[in-house]
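Source file: final.cif (mmCIF, C-alpha atoms)
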data_run
loop_
_atom_site.label_atom_id
_atom_site.label_comp_id
_atom_site.auth_asym_id
_atom_site.auth_seq_id
_atom_site.Cartn_x
_atom_site.Cartn_y
_atom_site.Cartn_z
CA MET H 668 -36.68 -204.84 -55.02
CA LYS H 669 -33.55 -206.94 -54.93
CA LYS H 670 -32.87 -207.67 -51.28
CA LYS H 671 -29.69 -208.53 -49.46
CA SER H 672 -29.14 -209.08 -45.79
CA LEU H 673 -27.37 -206.20 -44.10
CA PHE H 674 -25.87 -208.68 -41.67
CA ASN H 675 -23.86 -210.20 -44.53
CA LEU H 676 -22.50 -206.83 -45.64
CA THR H 677 -19.17 -205.63 -44.29
CA PHE H 678 -19.74 -202.03 -45.49
CA PRO H 679 -16.07 -200.98 -45.62
CA ASN H 680 -16.34 -200.70 -49.37
CA VAL H 681 -16.58 -197.16 -50.64
CA LEU H 682 -19.36 -196.42 -53.11
CA PHE H 683 -18.20 -195.50 -56.64
CA ALA H 684 -14.58 -195.04 -55.43
CA MET H 685 -12.94 -196.74 -58.41
CA MET H 686 -15.59 -196.61 -61.15
CA TRP H 687 -14.77 -193.31 -62.85
CA LEU H 688 -11.54 -194.18 -64.64
CA PRO H 689 -11.13 -192.13 -67.85
CA THR H 690 -10.64 -193.96 -71.12
CA THR H 691 -9.49 -191.22 -73.47
CA ALA H 692 -5.85 -190.87 -74.47
CA SER H 693 -3.86 -187.84 -73.42
CA ALA H 694 -1.22 -185.86 -75.29
CA GLN H 695 2.49 -186.09 -74.56
CA ASP H 696 4.38 -183.16 -73.04
CA ILE H 697 8.12 -182.68 -72.52
CA LEU H 698 9.84 -181.60 -69.29
CA VAL H 699 13.29 -180.16 -69.98
CA THR H 700 15.55 -180.27 -66.92
CA GLU H 701 18.54 -178.10 -66.08
CA ASN H 702 20.75 -181.13 -66.83
CA GLY H 703 19.49 -181.17 -70.41
CA ASP H 704 17.25 -184.21 -70.03
CA ALA H 705 13.98 -184.30 -71.95
CA ILE H 706 11.40 -186.24 -69.97
CA LYS H 707 8.36 -187.51 -71.82
CA ALA H 708 5.34 -186.83 -69.64
CA TRP H 709 1.57 -187.23 -69.69
CA GLN H 710 -1.11 -185.53 -67.56
CA VAL H 711 1.35 -182.97 -66.22
CA ASP H 712 0.27 -180.91 -63.22
CA MET H 713 2.40 -178.23 -61.56
CA GLY H 714 2.19 -178.02 -57.78
CA GLY H 715 3.77 -175.55 -55.42
CA SER H 716 7.14 -177.32 -55.12
CA LYS H 717 6.84 -180.32 -57.43
CA ILE H 718 5.62 -181.19 -60.91
CA TYR H 719 3.52 -184.34 -61.18
CA TYR H 720 3.23 -186.44 -64.32
CA ARG H 721 2.69 -189.95 -65.64
CA ASP H 722 5.40 -191.79 -67.54
CA GLY H 723 2.99 -193.17 -70.14
CA GLU H 724 -0.53 -192.92 -71.50
CA GLY H 725 -3.50 -194.17 -69.54
CA GLU H 726 -4.42 -194.25 -65.89
CA ASN H 727 -2.29 -197.35 -65.23
CA ALA H 728 0.91 -195.50 -66.04
CA ALA H 729 3.11 -194.73 -63.04
CA LEU H 730 2.58 -191.38 -61.34
CA LYS H 731 5.89 -189.58 -60.77
CA SER H 732 7.09 -186.24 -59.52
CA ILE H 733 10.13 -184.02 -59.97
CA ASP H 734 11.31 -181.00 -58.02
CA LYS H 735 9.95 -177.91 -59.70
CA SER H 736 13.26 -176.07 -59.26
CA SER H 737 15.11 -178.64 -61.40
CA VAL H 738 12.89 -178.12 -64.46
CA LEU H 739 13.70 -175.37 -66.95
CA VAL H 740 10.84 -175.65 -69.42
CA TRP H 741 7.57 -177.50 -69.64
CA LYS H 742 6.82 -177.96 -73.36
CA LYS H 743 3.15 -178.68 -73.87
CA ALA H 744 1.74 -180.79 -76.67
CA ASP H 745 -0.22 -177.79 -77.96
CA GLY H 746 3.02 -175.89 -78.63
CA SER H 747 2.88 -173.58 -75.61
CA ARG H 748 5.69 -173.46 -73.05
CA VAL H 749 5.99 -172.86 -69.32
CA VAL H 750 9.39 -171.52 -68.25
CA VAL H 751 10.32 -172.36 -64.64
CA ASP H 752 13.01 -170.35 -62.87
CA LYS H 753 15.28 -171.34 -59.95
CA ASN H 754 12.79 -170.13 -57.36
CA GLY H 755 10.08 -172.42 -58.63
CA GLU H 756 8.06 -169.60 -60.17
CA SER H 757 6.83 -169.90 -63.73
CA THR H 758 5.71 -167.84 -66.70
CA SER H 759 3.60 -169.13 -69.57
CA THR H 760 3.91 -168.42 -73.28
CA ALA H 761 0.75 -169.21 -75.20
CA THR H 762 0.38 -170.18 -78.84
CA ALA H 763 -1.97 -168.24 -81.06
CA SER H 764 -4.49 -171.11 -81.05
CA GLN H 765 -4.22 -172.13 -77.40
CA PRO H 766 -4.13 -169.53 -74.59
CA ALA H 767 -2.40 -170.20 -71.31
CA SER H 768 -4.50 -171.77 -68.54
CA ALA H 769 -6.54 -169.28 -66.58
CA THR H 770 -6.94 -169.13 -62.83
CA PRO H 771 -9.83 -171.34 -61.63
CA SER H 772 -13.07 -169.49 -61.14
CA ALA H 773 -14.18 -168.55 -57.66
CA SER H 774 -17.10 -170.96 -57.84
CA ALA H 775 -17.10 -174.57 -58.98
CA ASP H 776 -20.83 -175.09 -58.42
CA ASP H 777 -22.47 -177.71 -60.62
CA PRO H 778 -26.16 -177.91 -59.62
CA VAL H 779 -26.93 -180.73 -62.06
CA ALA H 780 -24.07 -182.98 -60.91
CA ASN H 781 -24.87 -182.20 -57.28
CA LYS H 782 -28.55 -183.06 -57.65
CA GLN H 783 -27.73 -186.31 -59.46
CA ARG H 784 -25.19 -187.34 -56.83
CA ILE H 785 -27.63 -186.72 -53.96
CA ALA H 786 -30.40 -188.60 -55.76
CA ALA H 787 -28.11 -191.58 -56.39
CA PHE H 788 -27.04 -191.71 -52.75
CA ASN H 789 -30.59 -191.36 -51.42
CA ARG H 790 -31.93 -194.27 -53.48
CA SER H 791 -30.76 -196.62 -50.73
CA VAL H 792 -33.55 -198.18 -48.65
CA ILE H 793 -33.95 -200.63 -45.78
CA GLU H 794 -36.94 -202.72 -44.70
CA PHE H 795 -37.85 -205.17 -41.97
CA VAL H 796 -38.18 -208.78 -43.15
CA GLY H 797 -38.48 -210.63 -39.83
CA LYS H 798 -41.21 -211.29 -37.32
CA LYS H 799 -42.66 -208.20 -35.70
CA GLY H 800 -43.25 -207.99 -31.97
CA LYS H 801 -43.19 -205.88 -28.83
CA SER H 802 -39.83 -204.41 -27.94
CA LYS H 803 -38.23 -204.63 -24.51
CA PRO H 804 -35.26 -202.81 -23.01
CA GLY H 805 -32.21 -204.39 -24.59
CA GLY H 806 -33.56 -204.19 -28.09
CA GLY H 807 -32.34 -201.73 -30.66
CA VAL H 808 -33.09 -199.59 -33.67
CA MET H 809 -31.50 -199.57 -37.09
CA ALA H 810 -31.05 -196.03 -38.41
CA LEU H 811 -30.72 -195.14 -42.11
CA LEU H 812 -28.81 -192.01 -43.11
CA HIS H 813 -29.64 -189.91 -46.16
CA VAL H 814 -28.24 -186.63 -47.52
CA ASP H 815 -30.21 -183.43 -47.09
CA GLU H 816 -31.12 -182.14 -50.57
CA ALA H 817 -29.86 -178.69 -49.58
CA SER H 818 -26.33 -180.14 -49.33
CA ALA H 819 -23.35 -179.68 -51.63
CA ILE H 820 -22.03 -183.20 -52.23
CA ALA H 821 -20.50 -182.59 -55.69
CA ASP H 822 -19.24 -179.75 -57.86
CA LYS H 823 -17.29 -179.50 -61.12
CA ASN H 824 -14.07 -180.70 -59.47
CA VAL H 825 -14.93 -183.07 -56.62
CA GLU H 826 -17.63 -185.50 -55.56
CA LEU H 827 -18.13 -187.00 -52.12
CA ASN H 828 -19.24 -190.41 -50.97
CA PHE H 829 -20.23 -191.55 -47.49
CA ALA H 830 -19.94 -195.18 -46.45
CA ARG H 831 -20.29 -197.28 -43.37
CA GLU H 832 -17.11 -198.54 -41.73
CA GLY H 833 -17.20 -201.59 -39.49
CA SER H 834 -19.67 -204.40 -38.91
CA LEU H 835 -22.84 -204.23 -36.85
CA SER H 836 -20.73 -204.54 -33.75
CA PHE H 837 -20.26 -202.38 -30.71
CA ALA H 838 -17.01 -204.24 -30.13
CA THR H 839 -15.28 -202.81 -33.19
CA GLY H 840 -17.27 -199.62 -33.30
CA GLN H 841 -19.53 -198.31 -36.02
CA GLY H 842 -18.25 -195.43 -38.08
CA ILE H 843 -18.59 -193.31 -41.18
CA THR H 844 -15.90 -192.70 -43.78
CA VAL H 845 -15.90 -189.94 -46.38
CA THR H 846 -14.20 -190.35 -49.75
CA ALA H 847 -13.40 -187.36 -51.95
CA LYS H 848 -13.06 -188.05 -55.67
CA ASN H 849 -10.93 -185.70 -57.77
CA LYS H 850 -12.79 -185.50 -61.11
CA THR H 851 -10.28 -183.20 -62.78
CA ASN H 852 -7.01 -183.63 -64.68
CA ARG H 853 -5.23 -181.47 -62.09
CA THR H 854 -3.95 -182.18 -58.62
CA ILE H 855 -6.18 -180.87 -55.86
CA TYR H 856 -5.11 -180.22 -52.28
CA ILE H 857 -7.43 -181.09 -49.40
CA HIS H 858 -6.84 -178.86 -46.39
CA LEU H 859 -7.58 -181.15 -43.47
CA GLY H 860 -7.29 -178.40 -40.86
CA ASN H 861 -10.29 -176.72 -42.50
CA THR H 862 -12.17 -179.98 -43.16
CA PHE H 863 -14.63 -181.06 -40.47
CA PHE H 864 -16.93 -183.89 -39.47
CA LEU H 865 -19.92 -182.68 -37.47
CA ARG H 866 -22.22 -184.41 -34.99
CA ASN H 867 -25.33 -182.32 -34.35
CA GLY H 868 -23.31 -179.21 -35.19
CA VAL H 869 -20.27 -180.11 -33.06
CA ALA H 870 -17.25 -180.05 -35.40
CA MET H 871 -14.14 -182.22 -35.29
CA PRO H 872 -11.30 -181.35 -37.73
CA TYR H 873 -9.40 -184.04 -39.59
CA ASN H 874 -5.66 -184.53 -39.60
CA TYR H 875 -3.29 -186.47 -41.82
CA SER H 876 -2.79 -189.34 -39.37
CA SER H 877 -6.51 -190.17 -39.50
CA ALA H 878 -6.76 -190.28 -43.30
CA THR H 879 -5.44 -192.61 -45.98
CA GLN H 880 -4.93 -192.21 -49.69
CA SER H 881 -6.73 -194.73 -51.90
CA MET H 882 -5.96 -194.15 -55.55
CA GLY H 883 -7.42 -195.62 -58.71
CA GLY H 884 -5.57 -196.86 -61.77
CA GLY H 885 -2.81 -198.67 -59.91
CA MET H 886 -1.25 -195.48 -58.60
CA GLN H 887 0.71 -195.24 -55.38
CA PRO H 888 0.83 -192.13 -53.17
CA ASN H 889 3.83 -189.88 -53.71
CA SER H 890 5.99 -188.85 -50.79
CA THR H 891 5.59 -185.11 -50.50
CA SER H 892 6.81 -182.24 -48.39
CA TYR H 893 3.30 -181.13 -47.47
CA SER H 894 2.40 -180.35 -43.91
CA GLN H 895 0.12 -182.75 -42.06
CA ASN H 896 -2.80 -180.44 -42.79
CA VAL H 897 -2.50 -180.63 -46.60
CA VAL H 898 -2.97 -183.75 -48.74
CA ALA H 899 -2.42 -183.90 -52.50
CA VAL H 900 -4.95 -185.90 -54.52
CA PRO H 901 -3.70 -186.59 -58.08
CA PRO H 902 -6.01 -186.38 -61.11
CA MET H 903 -8.86 -188.89 -61.22
CA SER H 904 -7.95 -190.28 -57.80
CA THR H 905 -9.71 -190.68 -54.48
CA PHE H 906 -8.85 -189.72 -50.94
CA LYS H 907 -10.43 -191.54 -48.01
CA MET H 908 -10.88 -189.72 -44.72
CA GLY H 909 -10.35 -191.44 -41.40
CA VAL H 910 -13.21 -193.23 -39.66
CA GLN H 911 -15.54 -191.08 -37.58
CA LYS H 912 -17.16 -193.17 -34.84
CA ILE H 913 -20.90 -193.03 -34.30
CA GLY H 914 -20.61 -193.45 -30.53
CA ILE H 915 -18.31 -190.99 -28.76
CA ASP H 916 -17.38 -190.16 -25.19
CA ASP H 917 -19.54 -187.06 -24.88
CA ALA H 918 -22.53 -188.33 -26.85
CA SER H 919 -24.92 -187.38 -24.04
CA SER H 920 -24.12 -183.72 -24.63
CA THR H 921 -23.35 -183.87 -28.34
CA TYR H 922 -26.45 -185.76 -29.43
CA GLY H 923 -28.83 -184.50 -26.76
CA SER H 924 -30.20 -185.67 -23.44
CA ASN H 925 -31.86 -188.80 -24.90
CA PHE H 926 -28.61 -190.31 -26.18
CA TYR H 927 -25.75 -191.84 -24.22
CA SER H 928 -22.54 -193.70 -24.98
CA TYR H 929 -21.63 -197.04 -23.46
CA ARG H 930 -18.45 -199.04 -23.57
CA ASN H 931 -16.66 -201.76 -21.65
CA ASN H 932 -12.96 -202.25 -21.12
CA LYS H 933 -12.47 -203.74 -24.59
CA SER H 934 -15.11 -202.25 -26.84
CA GLU H 935 -15.59 -198.97 -28.62
CA TYR H 936 -18.38 -196.63 -27.67
CA ALA H 937 -21.91 -197.78 -28.50
CA LEU H 938 -24.70 -195.26 -28.82
CA SER H 939 -27.79 -195.81 -26.66
CA TRP H 940 -31.18 -194.20 -27.16
CA SER H 941 -32.86 -193.58 -23.82
CA CYS H 942 -36.62 -193.04 -23.73
CA LYS H 943 -39.78 -193.77 -21.79
CA PRO H 944 -40.96 -197.42 -21.84
CA GLU H 945 -43.96 -196.53 -23.99
CA GLU H 946 -41.67 -194.80 -26.51
CA LEU H 947 -39.56 -197.88 -27.26
CA ALA H 948 -39.59 -198.81 -30.94
CA ASN H 949 -41.24 -202.20 -31.31
CA THR H 950 -39.52 -204.86 -33.38
CA GLY H 951 -40.37 -204.13 -37.01
CA GLU H 952 -41.83 -200.70 -36.27
CA GLU H 953 -40.76 -198.00 -38.72
CA LYS H 954 -40.57 -194.24 -38.28
CA ASP H 955 -39.64 -191.73 -40.98
CA PHE H 956 -37.95 -188.37 -40.44
CA THR H 957 -37.23 -185.24 -42.43
CA PRO H 958 -33.97 -183.26 -42.26
CA GLN H 959 -35.74 -180.96 -39.81
CA SER H 960 -37.22 -183.66 -37.54
CA SER H 961 -34.24 -186.03 -37.54
CA PRO H 962 -33.22 -186.91 -33.95
CA ILE H 963 -29.52 -187.09 -34.90
CA LYS H 964 -27.69 -185.19 -37.62
CA PHE H 965 -24.21 -185.46 -39.05
CA GLY H 966 -22.33 -183.10 -41.32
CA PHE H 967 -19.18 -182.86 -43.38
CA ASN H 968 -17.41 -179.70 -44.57
CA LEU H 969 -14.64 -180.15 -47.15
CA THR H 970 -12.09 -177.46 -48.02
CA TYR H 971 -9.85 -177.96 -51.06
CA SER H 972 -7.98 -175.91 -53.63
CA PHE H 973 -5.63 -176.23 -56.59
CA SER H 974 -2.69 -174.90 -54.58
CA GLU H 975 -0.87 -176.08 -51.46
CA ASP H 976 -1.24 -172.70 -49.77
CA ASN H 977 -5.06 -172.77 -50.05
CA ALA H 978 -4.96 -169.46 -51.91
CA GLN H 979 -8.36 -169.94 -53.54
CA PRO H 980 -10.36 -172.46 -51.49
CA TYR H 981 -13.49 -174.28 -52.59
CA HIS H 982 -16.00 -175.79 -50.17
CA LEU H 983 -18.50 -178.64 -50.12
CA ASN H 984 -20.89 -178.69 -47.18
CA THR H 985 -23.00 -181.81 -46.69
CA GLN H 986 -25.66 -182.64 -44.12
CA LEU H 987 -26.61 -186.23 -43.24
CA TYR H 988 -29.78 -186.99 -41.32
CA VAL H 989 -31.61 -190.05 -39.98
CA SER H 990 -34.35 -190.58 -42.56
CA LYS H 991 -35.74 -193.80 -41.05
CA ILE H 992 -35.49 -195.98 -37.97
CA ILE H 993 -36.67 -199.57 -37.64
CA GLY H 994 -37.01 -201.42 -34.36
CA VAL H 995 -34.86 -204.57 -34.39
CA LYS H 996 -33.90 -207.49 -32.20
CA LEU H 997 -30.29 -207.46 -31.10
CA SER H 998 -28.66 -210.85 -30.66
CA LEU H 999 -26.17 -210.06 -27.92
CA ALA H 1000 -22.92 -211.95 -27.46
CA MET H 1001 -20.72 -211.74 -24.36
CA GLY H 1002 -21.26 -209.06 -21.74
CA TRP H 1003 -20.75 -205.40 -21.08
CA THR H 1004 -17.91 -205.65 -18.57
CA THR H 1005 -15.76 -208.69 -19.37
CA ALA H 1006 -15.58 -208.91 -23.16
CA PRO H 1007 -16.44 -206.99 -26.31
CA PHE H 1008 -20.13 -206.41 -26.85
CA GLN H 1009 -21.33 -207.83 -30.17
CA ALA H 1010 -24.66 -206.87 -31.70
CA THR H 1011 -26.08 -208.91 -34.58
CA VAL H 1012 -29.06 -207.87 -36.68
CA SER H 1013 -30.52 -210.36 -39.15
CA ASP H 1014 -34.05 -209.09 -39.90
CA ILE H 1015 -33.18 -206.10 -42.07
CA ALA H 1016 -32.77 -206.15 -45.84
CA GLY H 1017 -31.78 -203.29 -48.08
CA SER H 1018 -30.76 -202.14 -51.51
CA GLY H 1019 -28.44 -199.47 -52.81
CA ASP H 1020 -25.72 -200.02 -50.17
CA PRO H 1021 -27.49 -198.09 -47.41
CA LEU H 1022 -25.51 -196.14 -44.84
CA THR H 1023 -26.83 -197.47 -41.52
CA PHE H 1024 -25.93 -197.84 -37.88
CA VAL H 1025 -27.48 -199.55 -34.84
CA MET H 1026 -28.43 -197.96 -31.54
CA PHE H 1027 -29.10 -199.82 -28.31
CA GLN H 1028 -32.47 -198.95 -26.73
CA SER H 1029 -32.77 -198.30 -23.02
CA THR H 1030 -35.43 -196.84 -20.75
CA ARG H 1031 -34.96 -193.80 -18.60
CA GLY H 1032 -33.98 -194.78 -15.11
CA GLY H 1033 -32.45 -198.04 -16.32
CA GLY H 1034 -29.64 -196.64 -18.38
CA GLY H 1035 -28.02 -193.42 -17.32
CA LYS H 1036 -24.72 -191.89 -18.20
CA ALA H 1037 -21.92 -193.45 -20.14
CA ARG H 1038 -20.24 -196.44 -18.59
CA ARG H 1039 -16.45 -196.27 -18.49
#
How does this structure look as structure tokens?
Amino acid sequence: MKKKSLFNLTFPNVLFAMMWLPTTASAQDILVTENGDAIKAWQVDMGGSKIYYRDGEGENAALKSIDKSSVLVWKKADGSRVVVDKNGESTSTATASQPASATPSASADDPVANKQRIAAFNRSVIEFVGKKGKSKPGGGVMALLHVDEASAIADKNVELNFAREGSLSFATGQGITVTAKNKTNRTIYIHLGNTFFLRNGVAMPYNYSSATQSMGGGMQPNSTSYSQNVVAVPPMSTFKMGVQKIGIDDASSTYGSNFYSYRNNKSEYALSWSCKPEELANTGEEKDFTPQSSPIKFGFNLTYSFSEDNAQPYHLNTQLYVSKIIGVKLSLAMGWTTAPFQATVSDIAGSGDPLTFVMFQSTRGGGGKARR
């Protein structure tokens, strides 16, 4: 196994986010405007109020848009035409050899792609490479997250990736980001109001202010008229959700009675695992869990469609669980009350870019409820 210290990893990088750039050439279409202009266009996609296209071949060509109401005819390379009226509605005329595009099917399930994506994600491992010993209150555990095999993490249109955000620090906060990859040659629309991050079944919806667009091929996000609950993701591009913190204000109720959140006046919430003294994980001790026995579970439910109005939504529902914990030594810097609390872990190695987070260990009677 090729090892690398997790302490040296920053983990903000998103797995596979930019590696699926297509290499095949695409055919040229023509957009005829009401002013008589003939715009050469590639990879044309018609949205609810705008038409998106590239001004050249290849994924490095600029992505542009034009108001749908200003276009009279979309002449396709296959000889078919789409006539657009003043109200932005359209009718298609097919050639004998190429029928007009059909409405997407109600299901985009792709069991093979889904199974492969889960297997690739779950190849990540961590192991203890330091000196083992008895743990004391003030130590910690490193938790590894895997995807439940019953999850939907990919379909024919979209694939998801989960990555760690932030260093092993309670000062900056540990978090999880989700990246959605549009695998199609059409624009998809993610409906953030119906997209949720879950902690032990407690759902938190996303909104536009907590998400950023990260596009491949040198593209820049278009300014659109979409509401804050709808985000357009152009063909072969990625969309990165906002960071979801591991430690939260109500962790004692969200995660269960054995988990609490701590923070000081400068740091983010840090998750603490409270247990009996004899239940503390010793340094180097490993414990494995199944999706059913995992002490903490996360989830992510994505809703997307090929239209802004979410007329025919598709869903991907993913469950993340703690598959392994390892007792670790935490090198603590500064204090709880006067400065940010920094936790450093140096005795863990891993491969496959594992999705991990650290929890502070405390004993019952010595910890208690969240500090404010």
List every protein, DNA or RNA residue that has at least one atom no more than 12 Å from (-17.4, -180.5, -33.3) in the file's coordinates, counting all atoms listed in the file, and write the result as JSON, numbers by chain. {"H": [862, 863, 864, 865, 866, 867, 868, 869, 870, 871, 872, 873, 911, 915, 917, 918, 920, 921, 922, 965, 966, 967, 968]}
Chain and number of each residue from the PyMOL selection byres ((chain H and resi 824) around 7), as a PDB file with C-alpha atoms, in the frame of the given file:
ATOM      1  CA  ALA H 775     -17.100-174.570 -58.980  1.00  0.00           C
ATOM      2  CA  ASP H 822     -19.240-179.750 -57.860  1.00  0.00           C
ATOM      3  CA  LYS H 823     -17.290-179.500 -61.120  1.00  0.00           C
ATOM      4  CA  VAL H 825     -14.930-183.070 -56.620  1.00  0.00           C
ATOM      5  CA  ASN H 849     -10.930-185.700 -57.770  1.00  0.00           C
ATOM      6  CA  LYS H 850     -12.790-185.500 -61.110  1.00  0.00           C
ATOM      7  CA  THR H 851     -10.280-183.200 -62.780  1.00  0.00           C
TER       8      THR H 851
END
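Between Val711 of chain H and the residues H:Ser919, H:Ala728, H:Arg853, H:Lys991, the shortest atom-to-atom distance, using all atoms listed in the file, involves H:Arg853.
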Hits of the PyMOL selection byres ((chain H and resi 744) around 7) in this structure, as a ChimeraX atom specification: /H:694-696,742-743,745-746
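Atom pair atom CA of Ile820 of chain H / atom CA of Asp777 of chain H has a distance of 10.0 Å (rounded to one decimal).
Atom CA of Trp940 of chain H is found 27.3 Å from atom CA of Ala817 of chain H.
Counting only C-alpha atoms and comparing H:Arg784, H:Arg790, H:Lys707, H:Lys798, the residue that lies closest to Leu1022 of chain H is H:Arg790.
Computed from the coordinates, the atom CA of Lys782 of chain H to atom CA of Ile993 of chain H distance equals 27.2 Å.
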Coordinates of box centre and edge lengths for segment 861-868 of chain H, 8 Å on every side, axis-aligned, as JSON:
{"center_x": -17.8, "center_y": -180.6, "center_z": -38.8, "size_x": 31.0, "size_y": 23.7, "size_z": 24.8}
Selection result for the PyMOL selection byres ((chain H and resi 1025) around 7) on this file, as a PyMOL selection string: chain H and resi 807-810+835+1024+1026-1027
Counting all atoms listed in the file, I want the residues whose atoms come within 6 Å of (-29.5, -187.3, -31.2) in the file frame, returned as a ChimeraX atom specification. /H:922-923,926,962-963
For the selection just defined, write its residues with C-alpha atoms to a file, as a short mmCIF file (atom, residue, chain, number, x, y, z; two decimals), keeping the file's coordinate frame.
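The resulting file, out-v1.cif, is shown below:
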data_model
loop_
_atom_site.label_atom_id
_atom_site.label_comp_id
_atom_site.auth_asym_id
_atom_site.auth_seq_id
_atom_site.Cartn_x
_atom_site.Cartn_y
_atom_site.Cartn_z
CA TYR H 922 -26.45 -185.76 -29.43
CA GLY H 923 -28.83 -184.50 -26.76
CA PHE H 926 -28.61 -190.31 -26.18
CA PRO H 962 -33.22 -186.91 -33.95
CA ILE H 963 -29.52 -187.09 -34.90
#
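Using all atoms listed in the file, the shortest contact distance between Ile697 of chain H and any of H:Thr1023, H:Gln710, H:Ser928, H:Asn781 is found at H:Gln710.
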Close residues, Glu826 of chain H itself excluded, 12 Å, all atoms listed in the file, min 2 positions apart in chain, as an MDAnalysis selection string: chainID H and resid 682:684 687 775:777 780:785 788 818:824 828:829 845:851 903:906 969 971 982:985
Create the file for the chosen residues now, containing C-alpha atoms and written as an mmCIF file, in the frame of the given file.
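New file selection_12.cif:
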data_model
loop_
_atom_site.group_PDB
_atom_site.id
_atom_site.type_symbol
_atom_site.label_atom_id
_atom_site.label_comp_id
_atom_site.auth_asym_id
_atom_site.auth_seq_id
_atom_site.Cartn_x
_atom_site.Cartn_y
_atom_site.Cartn_z
ATOM 1 C CA LEU H 682 -19.360 -196.420 -53.110
ATOM 2 C CA PHE H 683 -18.200 -195.500 -56.640
ATOM 3 C CA ALA H 684 -14.580 -195.040 -55.430
ATOM 4 C CA TRP H 687 -14.770 -193.310 -62.850
ATOM 5 C CA ALA H 775 -17.100 -174.570 -58.980
ATOM 6 C CA ASP H 776 -20.830 -175.090 -58.420
ATOM 7 C CA ASP H 777 -22.470 -177.710 -60.620
ATOM 8 C CA ALA H 780 -24.070 -182.980 -60.910
ATOM 9 C CA ASN H 781 -24.870 -182.200 -57.280
ATOM 10 C CA LYS H 782 -28.550 -183.060 -57.650
ATOM 11 C CA GLN H 783 -27.730 -186.310 -59.460
ATOM 12 C CA ARG H 784 -25.190 -187.340 -56.830
ATOM 13 C CA ILE H 785 -27.630 -186.720 -53.960
ATOM 14 C CA PHE H 788 -27.040 -191.710 -52.750
ATOM 15 C CA SER H 818 -26.330 -180.140 -49.330
ATOM 16 C CA ALA H 819 -23.350 -179.680 -51.630
ATOM 17 C CA ILE H 820 -22.030 -183.200 -52.230
ATOM 18 C CA ALA H 821 -20.500 -182.590 -55.690
ATOM 19 C CA ASP H 822 -19.240 -179.750 -57.860
ATOM 20 C CA LYS H 823 -17.290 -179.500 -61.120
ATOM 21 C CA ASN H 824 -14.070 -180.700 -59.470
ATOM 22 C CA ASN H 828 -19.240 -190.410 -50.970
ATOM 23 C CA PHE H 829 -20.230 -191.550 -47.490
ATOM 24 C CA VAL H 845 -15.900 -189.940 -46.380
ATOM 25 C CA THR H 846 -14.200 -190.350 -49.750
ATOM 26 C CA ALA H 847 -13.400 -187.360 -51.950
ATOM 27 C CA LYS H 848 -13.060 -188.050 -55.670
ATOM 28 C CA ASN H 849 -10.930 -185.700 -57.770
ATOM 29 C CA LYS H 850 -12.790 -185.500 -61.110
ATOM 30 C CA THR H 851 -10.280 -183.200 -62.780
ATOM 31 C CA MET H 903 -8.860 -188.890 -61.220
ATOM 32 C CA SER H 904 -7.950 -190.280 -57.800
ATOM 33 C CA THR H 905 -9.710 -190.680 -54.480
ATOM 34 C CA PHE H 906 -8.850 -189.720 -50.940
ATOM 35 C CA LEU H 969 -14.640 -180.150 -47.150
ATOM 36 C CA TYR H 971 -9.850 -177.960 -51.060
ATOM 37 C CA HIS H 982 -16.000 -175.790 -50.170
ATOM 38 C CA LEU H 983 -18.500 -178.640 -50.120
ATOM 39 C CA ASN H 984 -20.890 -178.690 -47.180
ATOM 40 C CA THR H 985 -23.000 -181.810 -46.690
#
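Counting all atoms listed in the file and comparing H:Val995, H:Val989, H:Leu698, H:Leu859, the residue that lies closest to Gly806 of chain H is H:Val995.
Using all atoms listed in the file for every distance, the candidate list H:Ser1018, H:Gln979, H:Asn896, H:Gln1028 yields H:Gln1028 as the residue closest to Ala948 of chain H.
For the residues H:Pro901, H:Lys799, H:Ile913, H:Glu816, ranking by smallest atom-to-atom distance to Ile843 of chain H using only C-alpha atoms places H:Ile913 first.
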Output file request: segment 920-927 of chain H, with N, CA and C atoms, as a PDB file, in the first residue's frame.
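As a result, decode.pdb now contains:
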ATOM      1  N   SER H 920     -28.207  16.492  20.438  1.00  0.00           N
ATOM      2  CA  SER H 920     -29.508  15.914  20.099  1.00  0.00           C
ATOM      3  C   SER H 920     -29.508  15.288  18.717  1.00  0.00           C
ATOM      4  N   THR H 921     -28.742  15.868  17.791  1.00  0.00           N
ATOM      5  CA  THR H 921     -28.702  15.353  16.432  1.00  0.00           C
ATOM      6  C   THR H 921     -27.970  14.020  16.353  1.00  0.00           C
ATOM      7  N   TYR H 922     -26.823  13.929  16.989  1.00  0.00           N
ATOM      8  CA  TYR H 922     -26.011  12.723  16.900  1.00  0.00           C
ATOM      9  C   TYR H 922     -26.305  11.713  17.996  1.00  0.00           C
ATOM     10  N   GLY H 923     -27.015  12.090  19.025  1.00  0.00           N
ATOM     11  CA  GLY H 923     -27.296  11.169  20.110  1.00  0.00           C
ATOM     12  C   GLY H 923     -26.657  11.629  21.408  1.00  0.00           C
ATOM     13  N   SER H 924     -27.022  10.966  22.486  1.00  0.00           N
ATOM     14  CA  SER H 924     -26.626  11.427  23.823  1.00  0.00           C
ATOM     15  C   SER H 924     -25.134  11.298  24.086  1.00  0.00           C
ATOM     16  N   ASN H 925     -24.404  10.501  23.291  1.00  0.00           N
ATOM     17  CA  ASN H 925     -22.975  10.316  23.537  1.00  0.00           C
ATOM     18  C   ASN H 925     -22.100  11.314  22.791  1.00  0.00           C
ATOM     19  N   PHE H 926     -22.713  12.257  22.080  1.00  0.00           N
ATOM     20  CA  PHE H 926     -21.936  13.195  21.279  1.00  0.00           C
ATOM     21  C   PHE H 926     -22.317  14.627  21.623  1.00  0.00           C
ATOM     22  N   TYR H 927     -21.302  15.466  21.765  1.00  0.00           N
ATOM     23  CA  TYR H 927     -21.522  16.860  22.128  1.00  0.00           C
ATOM     24  C   TYR H 927     -20.652  17.756  21.253  1.00  0.00           C
TER      25      TYR H 927
END
